[in-house]
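K.L.:
One structure is given below, represented as structure tokens, and several questions about it will come after.
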Amino acid sequence: MAEVVLTNLTKSFGSVDVIKGITLTIKDGEFCVFVGPSGCGKSTLLRIIAGLETSTSGTLHIGGTEVSNLEPSDRGIAMVFQSYALYPHLSVRDNIGFGLSLARMPKPEIARIVEATAATLQLTPYLDRKPKALSGGQRQRVAIGRSIVRNPKVFLFDEPLSNLDAALRGQMRMEITDLHATLGTTMIYVTHDQVEAMTMADKIVVLNAGRIEQTGTPMELYNHPATPFVAGFIGSPQMNLLIGDNARKLGCTTYGIRPEHLIPSTTDGLWQARIRHIEHLGADAILHCDAGPLGTMTVRTGGDTDLSHGAQVWLTPMPAKEHRFG
Amino acid sequence: MTAFQKRTGIIATLFAVVIFIIPFLFIFLMSVKDKSQASHQDFTWPEQWQLWQNFSDVISARNYMLLLAYFNSTVITVGAVALLILFGAMVGYVLQRRQSGWNKVIFGCVLAGLIIPPAVVPTIWVLQGLHLFKTIHGMILIQVAYGLAFSVLLYSSFIATIPRDLDEAARIDGARPLQIFFRVILPLLKPVTVTLIVVQSIAIFNDFTNPLYYLPGKQNVTVQLTLFNFQSQFQTQFNLLFMNILLVTIPPLIVFIFFNRQIVAGMTAGAVKG
């Protein structure tokens, strides 16, 4: 187990700065999620931590040791890839034990560790199968097994669930969270899916254009976003953001209110709007309203709402839930 | 199947028989005839079957030269194909994975190796300078030089379809570059390797001109050169010549029959998304 410390880390590809001076401490045993839109540098940052990319400047410490110039295998890390990266010509058993055989561990010892790991991940019946004979979820578990056997100080996950269907993704989210609870190891997890970030993380690092926008627990980011970008990125559906004259009238440069913090009423309220579209999600319903000069406002309300398409509504923000930026 | 499809199928089959089977049948019939009937060089049934007699004459000719030729050709083929696979895969791997400004120049050189015909006399000078002329290992290196461009191109295009994540996963697992190549990449190149083994081993085993130029000497004879045993300016023993052709044709034919599926699979591997 180890603390990961990034200090002034930068990465440039030619004249393009991808990572622009990141300083971050990930505590021992923490589940830290890097989240951000495509191209924000989160995967590059993870690859720098893994040692698959070299940083242009800055330092990286894992467990108090400077590892910037060490080979990936000497950093005490293990990585799970988006594509699983299983060796197609090897059986599940050999895939999991590959790193151990490279370390010239005795064969009986490798067999014992592989079987124990497979039992933990419910892979025992599949040990002699090739990866192509496994489902997506099983492949991902093999990839996780391959990283567990190396007994790493830090686990790195690069969008590991993005190739899975929605149901399996939910199940694997739980399994990875359980794994973290069992092992207690530092885990760094990259995703562009803010639901994964919110449900799994101890700490979320929101990245945008190579910089950290905000760091905090999921609820800190949800309740107190530091910037309009974080406000818009965290939370689903997205926060309603007003800019320009609309925001200035409310005393700021950007005004934000989450869909669940807008109260719709058919009789009175602050902003008049017309319902353009309703999404019924069962327990909830999402109203997409045309609010005239304010633009489109999204409202989350109960699934049993009797509001209908084209209806006139009044929207009122909950006073304590408003966000004012600048 | 429509009548038209049936008709074209039969025509195509007959055409294939004329092109491929009849010449082979002609070789076989010639090889079992006696000397006088074979000298007519016609497509007739043998009056007297001399299969075993011709076979033993060909094998024992010039102090069992054909057996020595089989040995030499096998050594050259196995040695050259092994080196072609090893170097072709290694060069293809590095070219595909390590992008640099030199790549275009190197690919240009590889293409030149495929396009520019080899010059015999300068090659012999080089071989003499290196004391490799008239040696089996010199001949192996010649075959490697002539076949390397093809195998590099074949391997590098196939390696492009292998995700880089596999290399990186192996690096994280603690594999050194050679271990990544031999334990992860090379096993995945099996389809191309089989293709290369078949194509190159047939080409090298059947090669007539290169051993003729670069490997003179009675002890250095290869299978194709044994055909000269029965052919001269004034007299040719056609029954023995064709028996010799039959014997040197059989090993590549067996290889081709067993592996032709893989040749097509390897040639088209990576052409479309799998």
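Convention: chains lettered A, B, ... in structure tokens order; per-chain residue numbering from 1; ligands numbered from 1 as shown.
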Give me, as a VMD selection string, all polymer residues having an atom no more than 10 Å from segment 57-69 of chain A, counting only C-alpha atoms and skipping those fewer than 4 positions away in the same chain.
P.N.:
chain A and resid 1 to 12 19 to 28 48 to 51 53 74 to 77 153 to 154
K.L.:
Give me, as a ChimeraX atom specification, the residues of chain A touching chain B, with the criterion being at most 12 Å (counting only C-alpha atoms).
P.N.:
/A:47,49-53,70-90,94-104,143-144,146-152,155-156,158
K.L.:
Would you put the residues from that selection into a file with N, CA and C atoms, as a compact mmCIF listing (two decimals), in the first residue's frame?
P.N.:
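Below is the file part22.txt, written as the result:
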```txt
# COMPACT_ATOMS: atom_id res chain seq x y z
N ARG A 47 -1.20 6.93 -17.60
CA ARG A 47 -0.09 6.24 -18.27
C ARG A 47 1.25 6.75 -17.76
N ILE A 49 1.70 7.75 -14.64
CA ILE A 49 1.84 7.09 -13.33
C ILE A 49 2.28 5.64 -13.54
N ALA A 50 1.73 4.99 -14.61
CA ALA A 50 2.08 3.59 -14.88
C ALA A 50 3.51 3.45 -15.40
N GLY A 51 4.04 4.53 -15.97
CA GLY A 51 5.38 4.45 -16.56
C GLY A 51 5.34 4.11 -18.04
N LEU A 52 4.15 4.12 -18.64
CA LEU A 52 4.05 3.82 -20.08
C LEU A 52 4.31 5.08 -20.90
N GLU A 53 4.22 6.24 -20.27
CA GLU A 53 4.62 7.51 -20.89
C GLU A 53 5.58 8.18 -19.91
N LEU A 70 11.70 4.99 -13.31
CA LEU A 70 11.69 3.53 -13.19
C LEU A 70 10.83 2.90 -14.27
N GLU A 71 11.15 1.65 -14.60
CA GLU A 71 10.33 0.86 -15.54
C GLU A 71 8.97 0.58 -14.89
N PRO A 72 7.91 0.40 -15.70
CA PRO A 72 6.59 0.13 -15.11
C PRO A 72 6.59 -1.02 -14.11
N SER A 73 7.35 -2.09 -14.44
CA SER A 73 7.32 -3.26 -13.57
C SER A 73 8.03 -3.02 -12.24
N ASP A 74 8.85 -1.96 -12.18
CA ASP A 74 9.58 -1.68 -10.94
C ASP A 74 8.87 -0.65 -10.07
N ARG A 75 7.68 -0.21 -10.49
CA ARG A 75 7.00 0.85 -9.76
C ARG A 75 6.03 0.32 -8.71
N GLY A 76 5.81 -0.99 -8.75
CA GLY A 76 4.85 -1.57 -7.80
C GLY A 76 3.42 -1.27 -8.17
N ILE A 77 3.15 -1.15 -9.47
CA ILE A 77 1.79 -0.86 -9.90
C ILE A 77 1.27 -2.03 -10.75
N ALA A 78 -0.05 -2.09 -10.88
CA ALA A 78 -0.66 -3.04 -11.83
C ALA A 78 -1.76 -2.27 -12.54
N MET A 79 -1.99 -2.63 -13.78
CA MET A 79 -2.94 -1.83 -14.57
C MET A 79 -3.97 -2.72 -15.25
N VAL A 80 -5.19 -2.27 -15.25
CA VAL A 80 -6.27 -2.95 -15.99
C VAL A 80 -6.66 -2.04 -17.15
N PHE A 81 -6.60 -2.61 -18.36
CA PHE A 81 -6.81 -1.80 -19.55
C PHE A 81 -8.28 -1.83 -20.00
N GLN A 82 -8.64 -0.80 -20.76
CA GLN A 82 -10.00 -0.73 -21.31
C GLN A 82 -10.28 -1.95 -22.20
N SER A 83 -9.27 -2.35 -22.97
CA SER A 83 -9.44 -3.47 -23.91
C SER A 83 -9.15 -4.81 -23.25
N TYR A 84 -8.98 -4.83 -21.95
CA TYR A 84 -8.61 -5.99 -21.13
C TYR A 84 -7.14 -6.39 -21.37
N ALA A 85 -6.67 -6.30 -22.63
CA ALA A 85 -5.28 -6.65 -22.97
C ALA A 85 -4.88 -8.02 -22.46
N LEU A 86 -5.77 -9.01 -22.63
CA LEU A 86 -5.42 -10.39 -22.27
C LEU A 86 -4.62 -10.99 -23.41
N TYR A 87 -3.70 -11.88 -23.08
CA TYR A 87 -2.89 -12.52 -24.13
C TYR A 87 -3.76 -13.60 -24.79
N PRO A 88 -4.12 -13.42 -26.06
CA PRO A 88 -5.12 -14.31 -26.66
C PRO A 88 -4.66 -15.76 -26.79
N HIS A 89 -3.34 -15.98 -26.86
CA HIS A 89 -2.84 -17.34 -27.09
C HIS A 89 -2.65 -18.10 -25.78
N LEU A 90 -2.86 -17.44 -24.65
CA LEU A 90 -2.65 -18.11 -23.35
C LEU A 90 -4.00 -18.38 -22.69
N ASP A 94 -2.70 -19.15 -17.54
CA ASP A 94 -1.40 -18.59 -17.93
C ASP A 94 -1.43 -17.08 -18.00
N ASN A 95 -2.62 -16.54 -18.34
CA ASN A 95 -2.75 -15.08 -18.34
C ASN A 95 -2.54 -14.52 -16.94
N ILE A 96 -3.21 -15.15 -15.97
CA ILE A 96 -3.11 -14.64 -14.60
C ILE A 96 -1.69 -14.84 -14.07
N GLY A 97 -1.08 -15.97 -14.43
CA GLY A 97 0.25 -16.27 -13.89
C GLY A 97 1.41 -15.72 -14.71
N PHE A 98 1.11 -14.97 -15.78
CA PHE A 98 2.17 -14.53 -16.69
C PHE A 98 3.26 -13.72 -15.98
N GLY A 99 2.82 -12.74 -15.20
CA GLY A 99 3.79 -11.89 -14.49
C GLY A 99 4.64 -12.68 -13.51
N LEU A 100 4.01 -13.68 -12.87
CA LEU A 100 4.75 -14.48 -11.89
C LEU A 100 5.78 -15.37 -12.59
N SER A 101 5.41 -15.90 -13.78
CA SER A 101 6.37 -16.75 -14.49
C SER A 101 7.55 -15.91 -14.99
N LEU A 102 7.27 -14.65 -15.34
CA LEU A 102 8.38 -13.77 -15.74
C LEU A 102 9.31 -13.51 -14.57
N ALA A 103 8.73 -13.46 -13.38
CA ALA A 103 9.55 -13.23 -12.18
C ALA A 103 10.23 -14.52 -11.72
N ARG A 104 10.12 -15.59 -12.52
CA ARG A 104 10.76 -16.89 -12.27
C ARG A 104 10.36 -17.49 -10.92
N ALA A 143 -8.47 -9.89 -16.26
CA ALA A 143 -7.53 -8.76 -16.27
C ALA A 143 -7.27 -8.27 -14.85
N ILE A 144 -8.32 -8.24 -14.04
CA ILE A 144 -8.16 -7.82 -12.65
C ILE A 144 -7.32 -8.86 -11.89
N ARG A 146 -5.06 -10.82 -13.11
CA ARG A 146 -3.67 -10.69 -13.53
C ARG A 146 -2.97 -9.58 -12.75
N SER A 147 -3.73 -8.52 -12.42
CA SER A 147 -3.08 -7.44 -11.68
C SER A 147 -3.00 -7.76 -10.19
N ILE A 148 -3.99 -8.50 -9.67
CA ILE A 148 -3.96 -8.81 -8.22
C ILE A 148 -2.75 -9.68 -7.86
N VAL A 149 -2.43 -10.68 -8.71
CA VAL A 149 -1.38 -11.64 -8.33
C VAL A 149 -0.01 -10.98 -8.17
N ARG A 150 0.14 -9.82 -8.78
CA ARG A 150 1.44 -9.15 -8.66
C ARG A 150 1.56 -8.43 -7.32
N ASN A 151 0.48 -8.43 -6.55
CA ASN A 151 0.47 -7.81 -5.24
C ASN A 151 0.99 -6.37 -5.30
N PRO A 152 0.36 -5.54 -6.12
CA PRO A 152 0.90 -4.20 -6.34
C PRO A 152 0.59 -3.24 -5.19
N PHE A 155 -3.18 0.08 -7.77
CA PHE A 155 -3.91 -0.44 -8.94
C PHE A 155 -4.29 0.73 -9.84
N LEU A 156 -4.10 0.56 -11.14
CA LEU A 156 -4.52 1.59 -12.08
C LEU A 156 -5.59 0.99 -12.99
N ASP A 158 -7.86 1.84 -16.39
CA ASP A 158 -8.08 2.78 -17.49
C ASP A 158 -9.41 2.47 -18.17
```
K.L.:
Under the rule that only C-alpha atoms are counted, which of B:Gln37, B:Gln219, B:Ser60, B:Gln96 is the nearest residue to Phe158 of chain B?
P.N.:
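Going through B:Gln37, B:Gln219, B:Ser60, B:Gln96 one by one, the smallest distance to Phe158 of chain B is for B:Gln96.
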K.L.:
Would you mind reading off the distance between atom CA of Thr316 of chain A and atom CA of Thr227 of chain A, one decimal, in Å?
P.N.:
22.7 Å
K.L.:
Could you name the residues that touch Phe133 of chain B at 7 Å or less, counting only C-alpha atoms, but leaving out those on the same chain fewer than 2 positions away, as a count of residues only?
P.N.:
8
K.L.:
Between atom CA of Met239 of chain A and atom CA of Leu161 of chain A, what is the distance, to one decimal in Å?
P.N.:
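These two atoms are separated by 25.1 Å.
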K.L.:
Excluding Asp284 of chain A and residues on its chain fewer than 3 positions from it, collect all residues at most 6 Å away from it, counting only C-alpha atoms, and give them as a list in words.
P.N.:
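Close residues of Asp284 of chain A: Leu281, Thr301, Gly302 and Gly303 of chain A.
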K.L.:
Considering only strand (DSSP E) as DSSP defines it on the backbone, what residues of segment 31-263 of chain A qualify? List them as a ChimeraX atom specification.
P.N.:
/A:31-35,57-62,65-66,77-80,154-158,186-191,203-208,211-216,240-243,254-257,262-263
K.L.:
Keeping only N, CA and C atoms, take the residues you just selected and write them out as a short mmCIF file (atom, residue, chain, number, x, y, z; two decimals), in the first residue's frame.
P.N.:
```cif
data_model
loop_
_atom_site.label_atom_id
_atom_site.label_comp_id
_atom_site.auth_asym_id
_atom_site.auth_seq_id
_atom_site.Cartn_x
_atom_site.Cartn_y
_atom_site.Cartn_z
N PHE A 31 -9.47 5.36 -2.99
CA PHE A 31 -9.99 5.06 -4.34
C PHE A 31 -10.20 6.39 -5.02
N CYS A 32 -9.27 6.71 -5.91
CA CYS A 32 -9.27 8.03 -6.55
C CYS A 32 -9.70 7.88 -8.01
N VAL A 33 -10.66 8.68 -8.42
CA VAL A 33 -11.15 8.60 -9.80
C VAL A 33 -10.77 9.86 -10.55
N PHE A 34 -10.10 9.68 -11.70
CA PHE A 34 -9.85 10.81 -12.60
C PHE A 34 -11.02 10.86 -13.57
N VAL A 35 -11.68 11.98 -13.62
CA VAL A 35 -12.82 12.07 -14.53
C VAL A 35 -12.71 13.36 -15.34
N SER A 57 8.12 17.12 -17.45
CA SER A 57 8.78 17.62 -16.24
C SER A 57 7.94 17.25 -15.03
N GLY A 58 8.49 17.47 -13.85
CA GLY A 58 7.78 17.13 -12.62
C GLY A 58 8.23 15.79 -12.07
N THR A 59 7.74 15.49 -10.87
CA THR A 59 8.16 14.25 -10.22
C THR A 59 6.94 13.42 -9.81
N LEU A 60 7.21 12.13 -9.65
CA LEU A 60 6.16 11.20 -9.24
C LEU A 60 6.73 10.30 -8.15
N HIS A 61 6.07 10.27 -7.01
CA HIS A 61 6.49 9.40 -5.91
C HIS A 61 5.41 8.38 -5.62
N ILE A 62 5.81 7.14 -5.48
CA ILE A 62 4.86 6.11 -5.03
C ILE A 62 5.45 5.48 -3.77
N THR A 65 8.89 6.75 -2.68
CA THR A 65 10.04 6.56 -3.56
C THR A 65 9.80 7.29 -4.88
N GLU A 66 10.80 8.00 -5.32
CA GLU A 66 10.71 8.68 -6.63
C GLU A 66 10.77 7.60 -7.73
N ILE A 77 3.15 -1.15 -9.47
CA ILE A 77 1.79 -0.86 -9.90
C ILE A 77 1.27 -2.03 -10.75
N ALA A 78 -0.05 -2.09 -10.88
CA ALA A 78 -0.66 -3.04 -11.83
C ALA A 78 -1.76 -2.27 -12.54
N MET A 79 -1.99 -2.63 -13.78
CA MET A 79 -2.94 -1.83 -14.57
C MET A 79 -3.97 -2.72 -15.25
N VAL A 80 -5.19 -2.27 -15.25
CA VAL A 80 -6.27 -2.95 -15.99
C VAL A 80 -6.66 -2.04 -17.15
N VAL A 154 -0.18 -0.09 -5.95
CA VAL A 154 -1.22 0.78 -6.52
C VAL A 154 -1.86 0.07 -7.72
N PHE A 155 -3.18 0.08 -7.77
CA PHE A 155 -3.91 -0.44 -8.94
C PHE A 155 -4.29 0.73 -9.84
N LEU A 156 -4.10 0.56 -11.14
CA LEU A 156 -4.52 1.59 -12.08
C LEU A 156 -5.59 0.99 -12.99
N PHE A 157 -6.68 1.67 -13.16
CA PHE A 157 -7.76 1.20 -14.05
C PHE A 157 -7.98 2.25 -15.14
N ASP A 158 -7.86 1.84 -16.39
CA ASP A 158 -8.08 2.78 -17.49
C ASP A 158 -9.41 2.47 -18.17
N THR A 186 -4.34 1.29 -2.63
CA THR A 186 -4.60 2.54 -3.37
C THR A 186 -5.03 2.18 -4.79
N MET A 187 -6.12 2.80 -5.24
CA MET A 187 -6.59 2.54 -6.60
C MET A 187 -6.81 3.86 -7.32
N ILE A 188 -6.33 3.92 -8.55
CA ILE A 188 -6.58 5.11 -9.38
C ILE A 188 -7.37 4.64 -10.59
N TYR A 189 -8.48 5.30 -10.84
CA TYR A 189 -9.45 4.81 -11.80
C TYR A 189 -9.79 5.95 -12.76
N VAL A 190 -9.62 5.70 -14.04
CA VAL A 190 -9.93 6.73 -15.03
C VAL A 190 -11.26 6.41 -15.70
N THR A 191 -12.10 7.40 -15.81
CA THR A 191 -13.38 7.20 -16.51
C THR A 191 -13.87 8.54 -17.07
N LYS A 203 -12.28 9.79 -3.64
CA LYS A 203 -11.90 11.15 -4.06
C LYS A 203 -12.03 11.24 -5.58
N ILE A 204 -12.64 12.32 -6.06
CA ILE A 204 -12.74 12.53 -7.51
C ILE A 204 -11.81 13.68 -7.89
N VAL A 205 -11.05 13.47 -8.96
CA VAL A 205 -10.22 14.55 -9.51
C VAL A 205 -10.83 14.88 -10.88
N VAL A 206 -11.39 16.09 -10.99
CA VAL A 206 -11.99 16.49 -12.27
C VAL A 206 -10.92 17.19 -13.10
N LEU A 207 -10.68 16.65 -14.27
CA LEU A 207 -9.65 17.22 -15.15
C LEU A 207 -10.31 17.89 -16.34
N ASN A 208 -9.70 18.99 -16.77
CA ASN A 208 -10.19 19.67 -17.97
C ASN A 208 -9.00 20.32 -18.67
N ARG A 211 -5.60 20.26 -16.90
CA ARG A 211 -5.48 20.85 -15.56
C ARG A 211 -6.51 20.24 -14.63
N ILE A 212 -6.21 20.31 -13.32
CA ILE A 212 -7.21 19.86 -12.35
C ILE A 212 -8.19 20.99 -12.11
N GLU A 213 -9.47 20.70 -12.33
CA GLU A 213 -10.50 21.72 -12.08
C GLU A 213 -10.86 21.73 -10.60
N GLN A 214 -11.03 20.54 -10.04
CA GLN A 214 -11.40 20.44 -8.63
C GLN A 214 -11.13 19.03 -8.12
N THR A 215 -10.80 18.95 -6.84
CA THR A 215 -10.57 17.65 -6.20
C THR A 215 -11.46 17.59 -4.96
N GLY A 216 -12.08 16.44 -4.73
CA GLY A 216 -12.89 16.34 -3.52
C GLY A 216 -13.67 15.05 -3.50
N ASN A 240 -28.41 23.08 -14.86
CA ASN A 240 -28.79 24.19 -15.75
C ASN A 240 -27.86 25.35 -15.47
N LEU A 241 -27.22 25.86 -16.49
CA LEU A 241 -26.27 26.97 -16.31
C LEU A 241 -26.77 28.18 -17.11
N LEU A 242 -26.88 29.32 -16.42
CA LEU A 242 -27.28 30.55 -17.11
C LEU A 242 -26.07 31.46 -17.18
N ILE A 243 -25.86 32.08 -18.33
CA ILE A 243 -24.72 33.00 -18.48
C ILE A 243 -25.23 34.33 -19.06
N THR A 254 -21.99 33.34 -13.91
CA THR A 254 -22.63 32.07 -14.28
C THR A 254 -23.50 31.62 -13.11
N TYR A 255 -24.73 31.32 -13.42
CA TYR A 255 -25.68 30.87 -12.38
C TYR A 255 -26.04 29.41 -12.68
N GLY A 256 -26.00 28.58 -11.64
CA GLY A 256 -26.31 27.17 -11.86
C GLY A 256 -27.37 26.65 -10.91
N ILE A 257 -28.26 25.83 -11.42
CA ILE A 257 -29.26 25.17 -10.56
C ILE A 257 -29.48 23.76 -11.10
N LEU A 262 -35.05 22.33 -8.99
CA LEU A 262 -36.05 23.24 -9.57
C LEU A 262 -37.43 22.65 -9.27
N ILE A 263 -38.30 23.49 -8.69
CA ILE A 263 -39.64 22.99 -8.34
C ILE A 263 -40.62 23.44 -9.44
#
```
K.L.:
To one decimal place in Å, what is the distance between atom CA of Ala38 of chain B and atom CA of Phe71 of chain B?
P.N.:
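Taking atom CA of Ala38 of chain B as the start and atom CA of Phe71 of chain B as the end point, the length is 28.8 Å.
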K.L.:
So that I can check the surroundings of Thr74 of chain B, please list as a count of residues only every protein, DNA and RNA residue that reaches within 10 Å of it, counting only C-alpha atoms and ignoring chain neighbours fewer than 5 positions away.
P.N.:
9
K.L.:
Could you find all residues in segment 89-217 of chain B that DSSP calls alpha helix (DSSP H) from the backbone, and write them as number ranges by chain?
P.N.:
B: 89-97, 103-115, 120-129, 136-159, 164-172, 177-179, 186-188, 190-205, 209-214
K.L.:
If you keep C-alpha atoms, can you produce a file of those selected residues as a compact mmCIF listing (two decimals), in the first residue's frame?
P.N.:
```txt
# COMPACT_ATOMS: atom_id res chain seq x y z
CA ALA B 89 9.11 -10.65 -37.46
CA MET B 90 11.67 -8.67 -35.46
CA VAL B 91 12.14 -5.96 -38.09
CA GLY B 92 8.38 -5.80 -38.74
CA TYR B 93 7.73 -5.47 -35.00
CA VAL B 94 10.24 -2.68 -34.45
CA LEU B 95 9.11 -0.81 -37.59
CA GLN B 96 5.48 -1.01 -36.49
CA ARG B 97 5.95 -0.16 -32.83
CA ASN B 103 10.61 4.59 -40.74
CA LYS B 104 9.80 5.97 -44.18
CA VAL B 105 13.42 5.56 -45.27
CA ILE B 106 13.51 1.99 -43.93
CA PHE B 107 10.21 1.12 -45.64
CA GLY B 108 11.67 2.61 -48.83
CA CYS B 109 14.67 0.28 -48.51
CA VAL B 110 12.38 -2.70 -47.88
CA LEU B 111 10.34 -1.85 -50.97
CA ALA B 112 13.55 -1.44 -52.97
CA GLY B 113 14.49 -4.94 -51.85
CA LEU B 114 11.25 -6.16 -53.35
CA ILE B 115 11.43 -4.18 -56.58
CA VAL B 120 24.54 -11.64 -59.79
CA VAL B 121 28.15 -10.67 -60.43
CA PRO B 122 28.47 -8.01 -57.68
CA THR B 123 26.77 -10.43 -55.27
CA ILE B 124 29.38 -13.05 -56.10
CA TRP B 125 32.14 -10.47 -55.46
CA VAL B 126 30.64 -9.71 -52.06
CA LEU B 127 30.32 -13.42 -51.27
CA GLN B 128 33.92 -14.02 -52.30
CA GLY B 129 35.08 -11.08 -50.18
CA ILE B 136 25.80 -23.62 -47.85
CA HIS B 137 25.60 -20.86 -45.22
CA GLY B 138 26.39 -18.29 -47.92
CA MET B 139 23.46 -19.67 -49.92
CA ILE B 140 21.24 -19.46 -46.84
CA LEU B 141 22.15 -15.79 -46.39
CA ILE B 142 21.43 -15.10 -50.07
CA GLN B 143 17.95 -16.62 -49.74
CA VAL B 144 17.37 -14.59 -46.56
CA ALA B 145 18.45 -11.38 -48.31
CA TYR B 146 16.15 -12.05 -51.26
CA GLY B 147 13.13 -13.01 -49.15
CA LEU B 148 13.47 -10.57 -46.23
CA ALA B 149 11.65 -7.63 -47.84
CA PHE B 150 8.55 -9.75 -48.47
CA SER B 151 8.50 -11.17 -44.95
CA VAL B 152 9.08 -7.77 -43.30
CA LEU B 153 6.14 -6.28 -45.21
CA LEU B 154 3.91 -9.24 -44.41
CA TYR B 155 4.79 -9.18 -40.70
CA SER B 156 4.65 -5.42 -40.22
CA SER B 157 1.16 -5.18 -41.74
CA PHE B 158 -0.04 -8.01 -39.50
CA ILE B 159 1.59 -6.59 -36.36
CA ARG B 164 -0.38 -2.07 -28.42
CA ASP B 165 -2.14 -2.66 -25.08
CA LEU B 166 -0.74 -6.21 -25.15
CA ASP B 167 2.85 -4.95 -25.27
CA GLU B 168 2.09 -2.50 -22.48
CA ALA B 169 0.35 -5.12 -20.34
CA ALA B 170 3.41 -7.35 -20.73
CA ARG B 171 5.71 -4.45 -19.82
CA ILE B 172 3.71 -3.86 -16.65
CA PRO B 177 11.60 -6.25 -24.77
CA LEU B 178 12.84 -9.66 -25.96
CA GLN B 179 10.37 -11.42 -23.65
CA LEU B 186 5.61 -14.01 -31.88
CA PRO B 187 2.95 -16.58 -30.85
CA LEU B 188 0.27 -14.21 -32.17
CA LYS B 190 1.23 -17.78 -36.23
CA PRO B 191 -1.08 -17.24 -39.25
CA VAL B 192 1.52 -15.12 -41.05
CA THR B 193 4.35 -17.41 -39.98
CA VAL B 194 2.61 -20.47 -41.47
CA THR B 195 2.04 -18.56 -44.70
CA LEU B 196 5.64 -17.53 -44.80
CA ILE B 197 6.88 -21.05 -44.07
CA VAL B 198 4.84 -22.46 -46.95
CA VAL B 199 5.49 -19.73 -49.52
CA GLN B 200 9.19 -19.34 -48.79
CA SER B 201 10.02 -23.00 -48.29
CA ILE B 202 8.45 -23.90 -51.63
CA ALA B 203 10.25 -21.01 -53.33
CA ILE B 204 13.62 -21.81 -51.77
CA PHE B 205 13.34 -25.59 -52.19
CA THR B 209 18.86 -20.10 -60.60
CA ASN B 210 20.30 -18.90 -57.30
CA PRO B 211 22.04 -22.20 -56.40
CA LEU B 212 23.21 -22.34 -60.02
CA TYR B 213 24.94 -18.94 -59.67
CA TYR B 214 26.05 -18.88 -56.05
```
K.L.:
Considering only C-alpha atoms, return as JSON, numbers by chain whatever protein or nucleic-acid residues lie within 12 Å of Asp42 of chain B, sequence-local ones (same chain, fewer than 5 positions apart) excluded.
P.N.:
{"B": [23, 25, 26, 27, 29, 30, 33, 36, 37, 238, 239]}
K.L.:
I'd like the neighbourhood of Arg93 of chain A as a ChimeraX atom specification, where a residue qualifies if any of its atoms comes within 12 Å (using only C-alpha atoms), though same-chain residues fewer than 5 positions away should be ignored.
P.N.:
/A:86-87,98-101,107,110-119,123-131,142-143,145-146,149
